[in-house]
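S.K.: Compact mmCIF, C-alpha atoms, saved as coords-v3.txt, coming up:
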```
# COMPACT_ATOMS: atom_id res chain seq x y z
CA MET A 854 76.16 56.97 6.30
CA LYS A 855 76.63 57.06 2.59
CA ILE A 856 79.77 58.70 1.29
CA THR A 857 80.06 56.21 -1.58
CA ARG A 858 83.60 55.83 -2.93
CA LEU A 859 84.26 54.75 -6.52
CA VAL A 860 87.70 53.29 -7.02
CA VAL A 861 87.33 51.75 -10.47
CA SER A 862 90.63 51.76 -12.33
CA GLY A 863 91.19 52.58 -15.96
CA LEU A 864 90.07 55.21 -18.40
CA LEU A 865 86.64 56.29 -19.48
CA VAL A 866 86.55 55.46 -23.17
CA THR A 867 84.04 56.75 -25.70
CA THR A 868 82.79 53.76 -27.68
CA ALA A 869 80.10 53.16 -30.25
CA ALA A 870 77.74 52.28 -27.40
CA THR A 871 78.15 55.72 -25.86
CA MET A 872 78.18 57.80 -29.03
CA ALA A 873 74.38 57.95 -29.09
CA TYR A 874 74.53 59.93 -25.87
CA ALA A 875 77.31 62.32 -26.94
CA GLN A 876 76.68 65.99 -26.15
CA PRO A 877 79.46 68.11 -27.68
CA ALA A 878 78.27 71.17 -25.75
CA LEU A 879 78.48 69.46 -22.36
CA ASP A 880 81.27 66.89 -22.64
CA PRO A 881 84.22 69.34 -22.48
CA LEU A 882 82.52 71.27 -19.68
CA ALA A 883 82.00 68.03 -17.78
CA GLU A 884 85.70 67.23 -18.17
CA SER A 885 86.58 70.70 -16.88
CA TYR A 886 84.40 70.13 -13.84
CA VAL A 887 86.12 66.84 -13.05
CA ARG A 888 89.58 68.35 -13.40
CA LEU A 889 88.62 71.30 -11.18
CA ALA A 890 87.10 68.96 -8.61
CA LEU A 891 90.42 67.14 -8.46
CA ALA A 892 92.25 70.47 -8.19
CA ALA A 893 89.92 71.43 -5.35
CA GLY A 894 90.74 68.18 -3.60
CA VAL A 895 94.32 69.40 -3.18
CA HIS A 896 92.97 72.15 -0.90
CA ASP A 897 90.02 70.30 0.63
CA GLY A 898 90.82 66.68 1.42
CA ASP A 899 87.17 65.89 2.15
CA TYR A 900 85.64 67.13 -1.12
CA VAL A 901 86.57 64.33 -3.54
CA ASP A 902 84.98 61.38 -1.85
CA ALA A 903 85.71 59.07 -4.79
CA TYR A 904 87.27 59.17 -8.23
CA SER A 905 87.22 56.63 -11.06
CA GLY A 906 88.36 58.58 -14.10
CA PRO A 907 91.71 58.75 -15.91
CA THR A 908 94.60 58.36 -13.48
CA GLU A 909 96.63 61.03 -15.25
CA TRP A 910 93.99 63.68 -14.46
CA ARG A 911 94.42 63.13 -10.74
CA THR A 912 98.20 62.95 -11.09
CA ALA A 913 98.21 66.23 -13.01
CA ALA A 914 96.04 67.96 -10.40
CA GLU A 915 98.29 66.82 -7.57
CA ALA A 916 101.43 67.88 -9.44
CA GLU A 917 100.11 71.25 -10.62
CA LYS A 918 98.64 72.29 -7.26
CA LEU A 919 96.62 75.16 -8.71
CA PRO A 920 96.27 77.98 -6.17
CA LEU A 921 92.88 78.06 -4.47
CA ALA A 922 92.08 81.46 -5.97
CA GLU A 923 92.77 80.12 -9.47
CA VAL A 924 90.55 77.07 -8.95
CA ARG A 925 87.72 79.38 -7.82
CA SER A 926 88.25 81.67 -10.79
CA ARG A 927 88.10 78.79 -13.25
CA LEU A 928 84.97 77.46 -11.58
CA GLU A 929 83.34 80.85 -12.06
CA ARG A 930 84.17 80.74 -15.77
CA LEU A 931 82.90 77.16 -15.99
CA GLY A 932 79.59 78.18 -14.41
CA ALA A 933 79.26 80.96 -16.95
CA GLY A 934 80.02 78.52 -19.76
CA LEU A 935 77.31 76.15 -18.56
CA ALA A 936 74.83 79.03 -18.44
CA ARG A 937 75.54 79.81 -22.11
CA VAL A 938 74.90 76.25 -23.35
CA ASP A 939 72.12 76.04 -25.94
CA ALA A 940 69.96 73.22 -24.58
CA ALA A 941 67.17 73.53 -27.14
CA SER A 942 67.89 70.12 -28.68
CA PHE A 943 68.41 68.26 -25.40
CA ASP A 944 66.12 65.44 -24.36
CA ARG A 945 64.88 65.05 -20.77
CA LEU A 946 67.95 63.24 -19.43
CA GLN A 947 70.29 65.65 -21.18
CA HIS A 948 68.47 68.59 -19.57
CA MET A 949 68.87 66.83 -16.24
CA ARG A 950 72.57 66.36 -16.91
CA HIS A 951 72.97 70.05 -17.73
CA ALA A 952 71.20 71.13 -14.54
CA TYR A 953 73.17 68.59 -12.49
CA LEU A 954 76.50 69.94 -13.73
CA ALA A 955 75.49 73.54 -13.00
CA LYS A 956 74.45 72.70 -9.44
CA GLN A 957 77.61 70.68 -8.78
CA VAL A 958 79.73 73.60 -9.94
CA GLN A 959 77.77 75.90 -7.64
CA ALA A 960 78.22 73.49 -4.74
CA LEU A 961 81.96 73.22 -5.29
CA SER A 962 82.30 76.99 -5.57
CA THR A 963 80.48 77.38 -2.26
CA ARG A 964 82.56 74.72 -0.55
CA LEU A 965 85.80 76.39 -1.69
CA ALA A 966 84.52 79.76 -0.49
CA HIS A 967 84.08 78.11 2.92
CA VAL A 968 87.62 76.68 2.73
CA ALA A 969 88.87 80.19 1.90
CA GLY A 970 87.29 81.50 5.09
CA GLU A 971 83.99 82.93 3.88
CA LYS A 972 81.08 82.50 6.28
CA PHE A 973 77.66 81.10 5.38
CA SER A 974 74.66 80.52 7.57
CA PHE A 975 73.56 76.91 7.95
CA ASP A 976 70.57 77.40 5.64
CA GLU A 977 72.51 79.40 3.05
CA GLU A 978 75.21 76.75 2.95
CA SER A 979 72.68 73.93 2.56
CA ARG A 980 70.83 75.79 -0.21
CA LEU A 981 74.00 76.49 -2.20
CA ILE A 982 75.59 73.08 -1.67
CA TYR A 983 72.64 70.69 -1.33
CA ASP A 984 70.06 72.55 -3.44
CA THR A 985 67.53 72.59 -0.60
CA VAL A 986 66.85 73.91 2.90
CA ALA A 987 65.53 71.76 5.73
CA PRO A 988 62.39 72.92 7.54
CA HIS A 989 62.48 74.69 10.89
CA HIS A 990 60.61 73.54 14.01
CA ASP A 991 60.64 75.35 17.34
CA THR A 992 61.18 73.59 20.65
CA ALA A 993 57.44 73.56 21.32
CA HIS A 994 57.07 71.07 18.47
CA TYR A 995 59.55 68.68 20.05
CA ASP A 996 58.27 69.27 23.59
CA ALA A 997 54.87 68.03 22.42
CA VAL A 998 56.47 64.81 21.16
CA LEU A 999 58.34 64.39 24.45
CA ALA A 1000 55.00 64.70 26.24
CA GLU A 1001 53.64 61.80 24.17
CA LEU A 1002 56.71 59.72 24.98
CA ASP A 1003 56.38 60.61 28.65
CA GLN A 1004 53.03 58.81 28.66
CA ALA A 1005 54.29 55.84 26.65
CA LEU A 1006 57.47 55.04 28.56
CA PRO A 1007 57.59 53.15 31.85
CA GLY A 1008 59.47 54.31 34.94
CA ASP A 1009 60.47 57.65 36.42
CA GLY A 1010 62.98 60.32 35.43
CA THR A 1011 63.56 62.25 32.22
CA VAL A 1012 62.09 61.04 28.96
CA ALA A 1013 65.61 60.62 27.53
CA ALA A 1014 66.78 58.49 30.46
CA ARG A 1015 63.64 56.35 30.42
CA PHE A 1016 63.87 55.88 26.65
CA GLN A 1017 67.47 54.73 26.92
CA ALA A 1018 66.60 52.33 29.73
CA PHE A 1019 63.73 50.98 27.61
CA ARG A 1020 65.81 50.72 24.45
CA ASN A 1021 68.76 49.08 26.18
CA ARG A 1022 66.65 45.96 26.46
CA PHE A 1023 66.96 45.60 22.67
CA ILE A 1024 70.72 45.68 22.16
CA ILE A 1025 72.29 43.06 19.90
CA SER A 1026 75.03 41.36 21.90
CA PRO A 1027 78.46 41.41 20.19
CA GLU A 1028 78.63 37.64 19.78
CA LYS A 1029 75.30 37.61 17.90
CA LEU A 1030 75.91 40.75 15.84
CA ASP A 1031 77.26 39.15 12.67
CA ALA A 1032 74.55 36.48 12.48
CA VAL A 1033 71.86 39.14 12.83
CA PHE A 1034 73.42 41.43 10.23
CA GLN A 1035 74.02 38.63 7.73
CA ALA A 1036 70.37 37.62 7.99
CA ALA A 1037 69.23 41.22 7.52
CA VAL A 1038 71.48 41.67 4.49
CA ALA A 1039 70.30 38.41 2.90
CA GLU A 1040 66.65 39.43 3.26
CA ALA A 1041 67.21 42.97 1.98
CA ARG A 1042 69.15 41.62 -1.00
CA ALA A 1043 66.50 39.01 -1.87
CA ARG A 1044 63.75 41.62 -1.79
CA THR A 1045 65.78 44.04 -3.93
CA LEU A 1046 66.76 41.50 -6.59
CA LYS A 1047 63.09 40.76 -7.21
CA ARG A 1048 62.66 44.36 -8.35
CA ILE A 1049 66.03 45.69 -9.56
CA PRO A 1050 68.25 43.71 -11.97
CA LEU A 1051 71.87 43.80 -10.84
CA PRO A 1052 75.06 42.32 -12.36
CA ALA A 1053 75.50 38.63 -11.65
CA ASP A 1054 78.77 39.20 -9.82
CA GLU A 1055 77.62 42.07 -7.59
CA LYS A 1056 78.57 41.68 -3.94
CA PHE A 1057 79.81 43.40 -0.84
CA THR A 1058 81.88 42.50 2.17
CA LEU A 1059 80.83 43.35 5.71
CA GLU A 1060 83.33 44.57 8.31
CA TYR A 1061 83.07 45.74 11.93
CA VAL A 1062 85.17 48.73 12.94
CA THR A 1063 85.68 51.20 15.78
CA GLY A 1064 86.76 54.80 16.25
CA LYS A 1065 84.47 56.36 13.62
CA PRO A 1066 82.02 59.32 13.81
CA TRP A 1067 79.38 57.39 11.81
CA ALA A 1068 77.26 54.27 12.41
CA GLY A 1069 77.74 52.64 9.01
CA TYR A 1070 79.65 53.39 5.83
CA ASN A 1071 79.58 52.14 2.24
CA TRP A 1072 82.88 52.15 0.39
CA TYR A 1073 81.83 51.45 -3.18
CA GLN A 1074 84.71 49.69 -4.91
CA GLY A 1075 83.41 49.76 -8.49
CA SER A 1076 82.29 46.93 -10.76
CA ALA A 1077 79.27 46.32 -8.51
CA HIS A 1078 81.41 45.61 -5.44
CA SER A 1079 81.23 47.38 -2.08
CA ARG A 1080 82.90 47.22 1.29
CA ILE A 1081 80.47 48.05 4.08
CA GLN A 1082 81.64 48.87 7.58
CA ILE A 1083 79.57 48.89 10.75
CA ASN A 1084 80.85 50.95 13.69
CA THR A 1085 80.69 49.00 16.96
CA ASP A 1086 81.91 51.78 19.28
CA LEU A 1087 78.42 52.07 20.76
CA PRO A 1088 75.68 49.47 21.32
CA ILE A 1089 73.70 48.47 18.22
CA PHE A 1090 69.96 48.07 18.64
CA ILE A 1091 67.90 45.41 16.92
CA ASP A 1092 66.06 47.82 14.62
CA ARG A 1093 69.38 49.07 13.22
CA ALA A 1094 70.19 45.73 11.58
CA VAL A 1095 67.64 46.07 8.78
CA ASP A 1096 68.15 49.84 8.65
CA LEU A 1097 71.88 49.53 8.01
CA ALA A 1098 71.55 46.48 5.73
CA ALA A 1099 69.09 48.33 3.49
CA HIS A 1100 70.65 51.80 3.77
CA GLU A 1101 74.25 50.80 3.12
CA GLY A 1102 73.47 47.75 0.97
CA TYR A 1103 70.18 46.79 -0.67
CA PRO A 1104 68.53 48.81 -2.14
CA GLY A 1105 70.62 51.68 -0.73
CA HIS A 1106 74.15 52.86 -1.42
CA HIS A 1107 75.53 49.63 -2.87
CA VAL A 1108 72.74 49.54 -5.46
CA TYR A 1109 72.98 53.30 -6.03
CA GLY A 1110 76.71 53.05 -6.78
CA THR A 1111 76.16 50.06 -9.04
CA LEU A 1112 73.43 51.71 -11.13
CA ILE A 1113 75.16 55.10 -11.43
CA GLU A 1114 78.30 53.35 -12.63
CA GLN A 1115 76.39 51.13 -15.05
CA LYS A 1116 73.81 53.57 -16.43
CA LEU A 1117 75.66 56.90 -16.51
CA MET A 1118 79.37 56.18 -16.55
CA LYS A 1119 79.60 53.03 -18.68
CA GLU A 1120 76.55 53.26 -20.94
CA ARG A 1121 76.56 57.02 -21.49
CA GLY A 1122 80.20 57.91 -20.87
CA TRP A 1123 79.27 60.93 -18.75
CA VAL A 1124 82.62 61.70 -17.19
CA GLU A 1125 81.28 63.92 -14.39
CA PHE A 1126 80.02 60.79 -12.65
CA SER A 1127 83.60 59.57 -12.32
CA VAL A 1128 83.99 61.97 -9.41
CA ASN A 1129 81.75 61.65 -6.37
CA PRO A 1130 81.73 64.87 -4.33
CA LEU A 1131 81.06 64.58 -0.65
CA PHE A 1132 79.52 68.04 -0.58
CA GLY A 1133 76.92 68.43 -3.32
CA PRO A 1134 73.24 67.98 -4.20
CA SER A 1135 73.78 64.33 -5.12
CA ALA A 1136 74.28 63.65 -1.39
CA ILE A 1137 70.63 64.51 -0.70
CA ILE A 1138 69.51 62.03 -3.35
CA ALA A 1139 71.91 59.32 -2.21
CA GLU A 1140 71.11 59.57 1.50
CA GLY A 1141 67.40 60.18 0.96
CA THR A 1142 67.00 57.16 -1.31
CA ALA A 1143 69.11 55.00 1.01
CA ASN A 1144 66.78 55.81 3.90
CA TYR A 1145 63.68 55.46 1.76
CA GLY A 1146 65.06 52.16 0.50
CA ILE A 1147 64.34 50.70 3.94
CA ILE A 1148 60.67 51.54 3.44
CA VAL A 1149 60.59 50.31 -0.16
CA ALA A 1150 62.11 46.95 0.73
CA PHE A 1151 60.15 46.50 3.97
CA PRO A 1152 56.83 48.34 3.48
CA GLY A 1153 54.10 48.70 6.09
CA THR A 1154 54.48 46.23 8.92
CA GLU A 1155 56.86 43.92 7.03
CA LYS A 1156 59.96 45.27 8.77
CA LEU A 1157 58.44 44.67 12.19
CA ALA A 1158 57.28 41.18 11.19
CA PHE A 1159 60.68 40.17 9.79
CA GLU A 1160 62.56 41.45 12.79
CA ARG A 1161 60.11 39.92 15.26
CA ASP A 1162 60.02 36.52 13.56
CA VAL A 1163 63.65 36.23 12.41
CA LEU A 1164 66.03 38.75 13.93
CA PHE A 1165 64.69 38.89 17.51
CA PRO A 1166 65.26 35.12 17.96
CA LEU A 1167 68.70 35.32 16.32
CA ALA A 1168 69.63 38.11 18.74
CA GLY A 1169 68.26 36.20 21.72
CA LEU A 1170 65.54 38.82 22.30
CA ASP A 1171 61.92 38.13 23.22
CA PRO A 1172 59.74 38.49 20.07
CA ALA A 1173 56.73 39.24 22.28
CA LEU A 1174 58.28 42.64 23.04
CA ALA A 1175 58.59 43.71 19.39
CA ASP A 1176 55.22 45.44 19.12
CA ASP A 1177 55.85 47.64 22.17
CA TYR A 1178 59.35 48.45 20.96
CA TYR A 1179 58.17 49.65 17.57
CA ARG A 1180 55.27 51.60 19.06
CA VAL A 1181 57.76 53.67 21.05
CA LEU A 1182 60.18 53.97 18.11
CA GLY A 1183 57.31 55.26 15.98
CA LEU A 1184 56.91 58.19 18.36
CA THR A 1185 60.62 58.99 18.33
CA LYS A 1186 60.56 59.40 14.54
CA LYS A 1187 58.66 62.64 15.15
CA LEU A 1188 61.91 63.96 16.66
CA SER A 1189 63.86 63.30 13.46
CA PHE A 1190 64.59 66.95 12.64
CA ALA A 1191 65.69 67.87 16.17
CA GLY A 1192 69.30 67.09 15.30
CA ASN A 1193 69.12 69.52 12.37
CA GLU A 1194 67.92 72.27 14.69
CA ALA A 1195 70.77 71.62 17.12
CA ALA A 1196 73.32 71.62 14.28
CA ARG A 1197 71.86 74.78 12.76
CA ASP A 1198 71.99 76.71 16.03
CA TYR A 1199 75.47 75.44 16.87
CA LEU A 1200 77.05 76.15 13.49
CA ASP A 1201 75.33 79.56 13.34
CA GLY A 1202 76.85 80.41 16.72
CA ARG A 1203 73.66 80.64 18.76
CA ILE A 1204 74.60 77.80 21.12
CA THR A 1205 77.85 76.29 22.40
CA ALA A 1206 79.12 72.77 21.79
CA ALA A 1207 78.00 71.78 25.29
CA GLU A 1208 74.54 73.21 24.66
CA CYS A 1209 74.36 71.39 21.32
CA ALA A 1210 75.20 68.08 23.00
CA ALA A 1211 72.58 68.76 25.68
CA ARG A 1212 69.98 69.42 22.95
CA LEU A 1213 70.87 66.14 21.27
CA GLU A 1214 70.47 64.30 24.56
CA LYS A 1215 67.09 65.90 25.31
CA TYR A 1216 65.40 66.10 21.92
CA SER A 1217 67.18 63.40 19.92
CA LEU A 1218 67.17 61.10 22.98
CA MET A 1219 70.88 60.34 22.62
CA GLU A 1220 73.00 58.96 25.40
CA PRO A 1221 75.91 61.32 26.27
CA ALA A 1222 78.49 59.23 24.38
CA ARG A 1223 76.29 59.09 21.28
CA ALA A 1224 75.60 62.84 21.49
CA GLN A 1225 79.34 63.52 21.59
CA GLN A 1226 79.86 61.25 18.59
CA TYR A 1227 77.17 63.11 16.65
CA LEU A 1228 78.61 66.47 17.71
CA ARG A 1229 81.89 65.44 16.10
CA PHE A 1230 79.95 64.50 12.99
CA ILE A 1231 78.31 67.95 12.89
CA GLU A 1232 81.65 69.70 13.28
CA LYS A 1233 83.22 67.69 10.47
CA TYR A 1234 80.38 67.47 7.95
CA ARG A 1235 78.36 70.60 8.84
CA SER A 1236 75.04 70.95 6.96
CA TYR A 1237 75.47 67.44 5.51
CA VAL A 1238 73.30 66.41 8.46
CA ILE A 1239 70.15 67.40 6.55
CA THR A 1240 70.79 64.81 3.86
CA TYR A 1241 69.40 61.94 5.94
CA ASN A 1242 66.04 63.15 7.24
CA HIS A 1243 65.26 65.97 4.82
CA GLY A 1244 66.52 63.83 1.96
CA LEU A 1245 64.21 61.03 3.10
CA LYS A 1246 61.22 63.36 3.21
CA LEU A 1247 61.88 64.79 -0.27
CA VAL A 1248 62.30 61.33 -1.78
CA SER A 1249 59.35 59.82 0.08
CA ASP A 1250 56.98 62.66 -0.82
CA TRP A 1251 58.03 62.52 -4.50
CA VAL A 1252 57.64 58.74 -4.82
CA GLU A 1253 54.47 58.38 -2.79
CA ALA A 1254 52.68 61.18 -4.64
CA ARG A 1255 53.33 59.42 -7.95
CA SER A 1256 52.98 55.78 -6.94
CA GLN A 1257 49.64 56.20 -5.17
CA GLY A 1258 50.39 53.19 -2.99
CA ASP A 1259 51.21 50.84 -5.89
CA SER A 1260 54.19 48.71 -4.84
CA ALA A 1261 55.49 48.02 -8.36
CA MET A 1262 55.31 51.71 -9.27
CA ARG A 1263 57.08 52.62 -6.02
CA TRP A 1264 60.01 50.39 -7.00
CA GLU A 1265 60.08 51.81 -10.56
CA LEU A 1266 60.20 55.39 -9.31
CA PHE A 1267 62.82 54.52 -6.71
CA THR A 1268 65.00 52.89 -9.38
CA GLU A 1269 64.67 55.99 -11.56
CA LEU A 1270 65.93 58.16 -8.72
CA ILE A 1271 69.07 56.07 -8.20
CA SER A 1272 70.05 55.75 -11.86
CA THR A 1273 69.54 59.25 -13.31
CA PRO A 1274 71.05 62.74 -12.68
CA GLN A 1275 68.57 63.89 -10.04
CA LEU A 1276 68.52 67.13 -8.05
CA PRO A 1277 66.67 67.90 -4.81
CA SER A 1278 64.98 70.92 -6.40
CA GLY A 1279 63.57 68.54 -9.02
CA LEU A 1280 61.71 66.57 -6.35
CA LYS A 1281 59.47 69.44 -5.29
```
Translate the structure described by the file into structure tokens.
M.R.:
Amino acid sequence: MKITRLVVSGLLVTTAATMAYAQPALDPLAESYVRLALAAGVHDGDYVDAYSGPTEWRTAAEAEKLPLAEVRSRLERLGAGLARVDAASFDRLQHMRHAYLAKQVQALSTRLAHVAGEKFSFDEESRLIYDTVAPHHDTAHYDAVLAELDQALPGDGTVAARFQAFRNRFIISPEKLDAVFQAAVAEARARTLKRIPLPADEKFTLEYVTGKPWAGYNWYQGSAHSRIQINTDLPIFIDRAVDLAAHEGYPGHHVYGTLIEQKLMKERGWVEFSVNPLFGPSAIIAEGTANYGIIVAFPGTEKLAFERDVLFPLAGLDPALADDYYRVLGLTKKLSFAGNEAARDYLDGRITAAECAARLEKYSLMEPARAQQYLRFIEKYRSYVITYNHGLKLVSDWVEARSQGDSAMRWELFTELISTPQLPSGLK
């Protein structure tokens, strides 16, 4: 999971280096957005995922405790002010900044409406907050995939039970977990540094935790430093080592946080990037690029080859089984959006929590404990669930259409996405 947290201390200072990017029409509106985001955080403890701006702004918001109705009213006026901005002289990035601010204000307004008790359908909420709607697939689509898996999996019983029995042969034992993850991180980092320049002192620490509703988490600390946590409540499978190393680290959230801080906050002085909202269109970009980063760093069969030749032996697993394992996993990727469907129906009131968990077990092939963990995630983060798979598809389609299979161009486009004010609607 992403949820990047910026905890850089100190003030954002306008210097000669940032003056070239000054936008008098947007700068005060951007400051208003940040202050209102902090005011919103008083009422919604989940909204402000990270903050790195002036300490006194946060202190003032916490002391003033603006009533929720007043925060919403000011957001409405801010949205109207953004709509009146004359953008005729803006360059491409400035236009992107303007659009980004408008969508973030819309997302915050929608989130506070939810906090105030207003009801939104799953798709309406995702459109207003995340600037996109995930596709729909009926159960017939997923039943067809289950039929393929039924033929591919050995043994008797349900597809879900047989898949779990098959996959349980590829668990990383706890005593080998750190060695496997460190190797995956080192490889992902080496591949990334060949393509994306990062500060010489960039780094992250790796921790293993329990009692969380997510599998992995990046806590971006600022100044190109991150703390990455891996949840060990449930078994971790061999394919997840590279996935988490790339998604949370290189070239995923750690690199995303580093470039946003460097390119937009420090070089341009764009204060709106001092606040990282949990619920907003930037989440689609962050999660989508983090998932696509796995593919960028380990294209084609390179992920399989690295895991078979390096990680399988480190984990004490038989490398001869790698091809069969990834053949089955390739089929399960066709079930990616099944969790969205379960969340949509549950949050829209068409199915109960028990029925949602049963759907996750059948169509997302989750063991009961993992289905319950994901159900808690759905209840807490709601339509955020679309950011992973739908975000991946939007990013992948956008990059692949422009790169035409060229590896260098793929990296260039990927880097652009994680260092500029992107919106999901801009990737269509």
S.K.: At a cut-off of 7 Å, using only C-alpha atoms, what residues contact range 919-934 of chain A? Leave out same-chain residues fewer than 6 positions from it and give the result as a ChimeraX atom specification.
M.R.: /A:882,889,892-893,896,955,958,962
S.K.: Any idea what the distance is between CA of His1243 in chain A and CA of Gln1275 in chain A?
M.R.: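 CA of His1243 in chain A sits 15.4 Å away from CA of Gln1275 in chain A.
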S.K.: Pick from A:Leu1188, A:Ala1143, A:Ala1077, A:Leu1006: nearest to Ala1053 in chain A, with only C-alpha atoms counted?
M.R.: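 Checking each candidate against Ala1053 in chain A, we get A:Ala1077 as the closest.
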S.K.: Mind pulling up the distance from CA of Gly1146 in chain A to CA of Gln959 in chain A?
M.R.: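 Computed distance, CA of Gln959 in chain A to CA of Gly1146 in chain A, equals 28.1 Å.
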S.K.: Which residue gives the smallest distance to Arg1042 in chain A among A:Glu1028, A:Glu1055, A:Glu1220, A:Glu1160, with only C-alpha atoms counted?
M.R.: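 Selected residue with least distance to Arg1042 in chain A: A:Glu1055.
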S.K.: With range 1129-1132 of chain A as the partner and 12 Å as the cut-off, tabulate the residues of range 1185-1245 of chain A that qualify, each row holding the nearest pair of atoms and their distance in Å to one decimal, using only C-alpha atoms, sorted by chain and rising number, as a Markdown table.
M.R.:
```
| residue | atom | partner | partner_atom | distance |
| --- | --- | --- | --- | --- |
| A:Lys1233 | CA | A:Phe1132 | CA | 11.7 |
| A:Tyr1234 | CA | A:Phe1132 | CA | 8.6 |
| A:Arg1235 | CA | A:Phe1132 | CA | 9.8 |
| A:Ser1236 | CA | A:Phe1132 | CA | 9.2 |
| A:Tyr1237 | CA | A:Phe1132 | CA | 7.3 |
| A:Val1238 | CA | A:Phe1132 | CA | 11.1 |
| A:Ile1239 | CA | A:Phe1132 | CA | 11.8 |
| A:Thr1240 | CA | A:Phe1132 | CA | 10.3 |
```
S.K.: Residues near Pro1027 in chain A, anyone? I mean within 12 Å using only C-alpha atoms, not counting same-chain ones fewer than 2 positions away, as a list in words.
M.R.: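 Everything that qualifies: Ile1024, Ile1025, Lys1029, Leu1030, Asp1031, Ala1032, Val1033, Phe1034, Tyr1061, Asn1084, Thr1085, Asp1086, Leu1087, Pro1088, Ile1089, Phe1090, Ile1091, Ala1168 and Gly1169 of chain A.
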S.K.: Would you save the residues from that selection as a short mmCIF file (atom, residue, chain, number, x, y, z; two decimals), in the frame of the given file, using C-alpha atoms?
M.R.:
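Output (again17.cif):
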```
data_model
loop_
_atom_site.label_atom_id
_atom_site.label_comp_id
_atom_site.auth_asym_id
_atom_site.auth_seq_id
_atom_site.Cartn_x
_atom_site.Cartn_y
_atom_site.Cartn_z
CA ILE A 1024 70.72 45.68 22.16
CA ILE A 1025 72.29 43.06 19.90
CA LYS A 1029 75.30 37.61 17.90
CA LEU A 1030 75.91 40.75 15.84
CA ASP A 1031 77.26 39.15 12.67
CA ALA A 1032 74.55 36.48 12.48
CA VAL A 1033 71.86 39.14 12.83
CA PHE A 1034 73.42 41.43 10.23
CA TYR A 1061 83.07 45.74 11.93
CA ASN A 1084 80.85 50.95 13.69
CA THR A 1085 80.69 49.00 16.96
CA ASP A 1086 81.91 51.78 19.28
CA LEU A 1087 78.42 52.07 20.76
CA PRO A 1088 75.68 49.47 21.32
CA ILE A 1089 73.70 48.47 18.22
CA PHE A 1090 69.96 48.07 18.64
CA ILE A 1091 67.90 45.41 16.92
CA ALA A 1168 69.63 38.11 18.74
CA GLY A 1169 68.26 36.20 21.72
#
```
S.K.: So that I can see what lies close to Leu1059 in chain A, please list as an NGL selection string the residues with an atom at most 8 Å from it, counting only C-alpha atoms and leaving out residues fewer than 5 positions away in the same chain.
M.R.: :A and (1080-1083)
S.K.: For the residues in that selection, give me C-alpha atoms as a short mmCIF file (atom, residue, chain, number, x, y, z; two decimals), in the frame of the given file.
M.R.:
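This went into out_7.cif:
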```
data_model
loop_
_atom_site.label_atom_id
_atom_site.label_comp_id
_atom_site.auth_asym_id
_atom_site.auth_seq_id
_atom_site.Cartn_x
_atom_site.Cartn_y
_atom_site.Cartn_z
CA ARG A 1080 82.90 47.22 1.29
CA ILE A 1081 80.47 48.05 4.08
CA GLN A 1082 81.64 48.87 7.58
CA ILE A 1083 79.57 48.89 10.75
#
```
S.K.: So that I can check the surroundings of range 971-980 of chain A, please list as a list in words every protein, DNA and RNA residue that reaches within 7 Å of it, counting only C-alpha atoms and ignoring chain neighbours fewer than 4 positions away.
M.R.: Ala966, His967, Asp984, Thr985, Val986, Arg1197, Leu1200, Asp1201 and Ser1236 of chain A
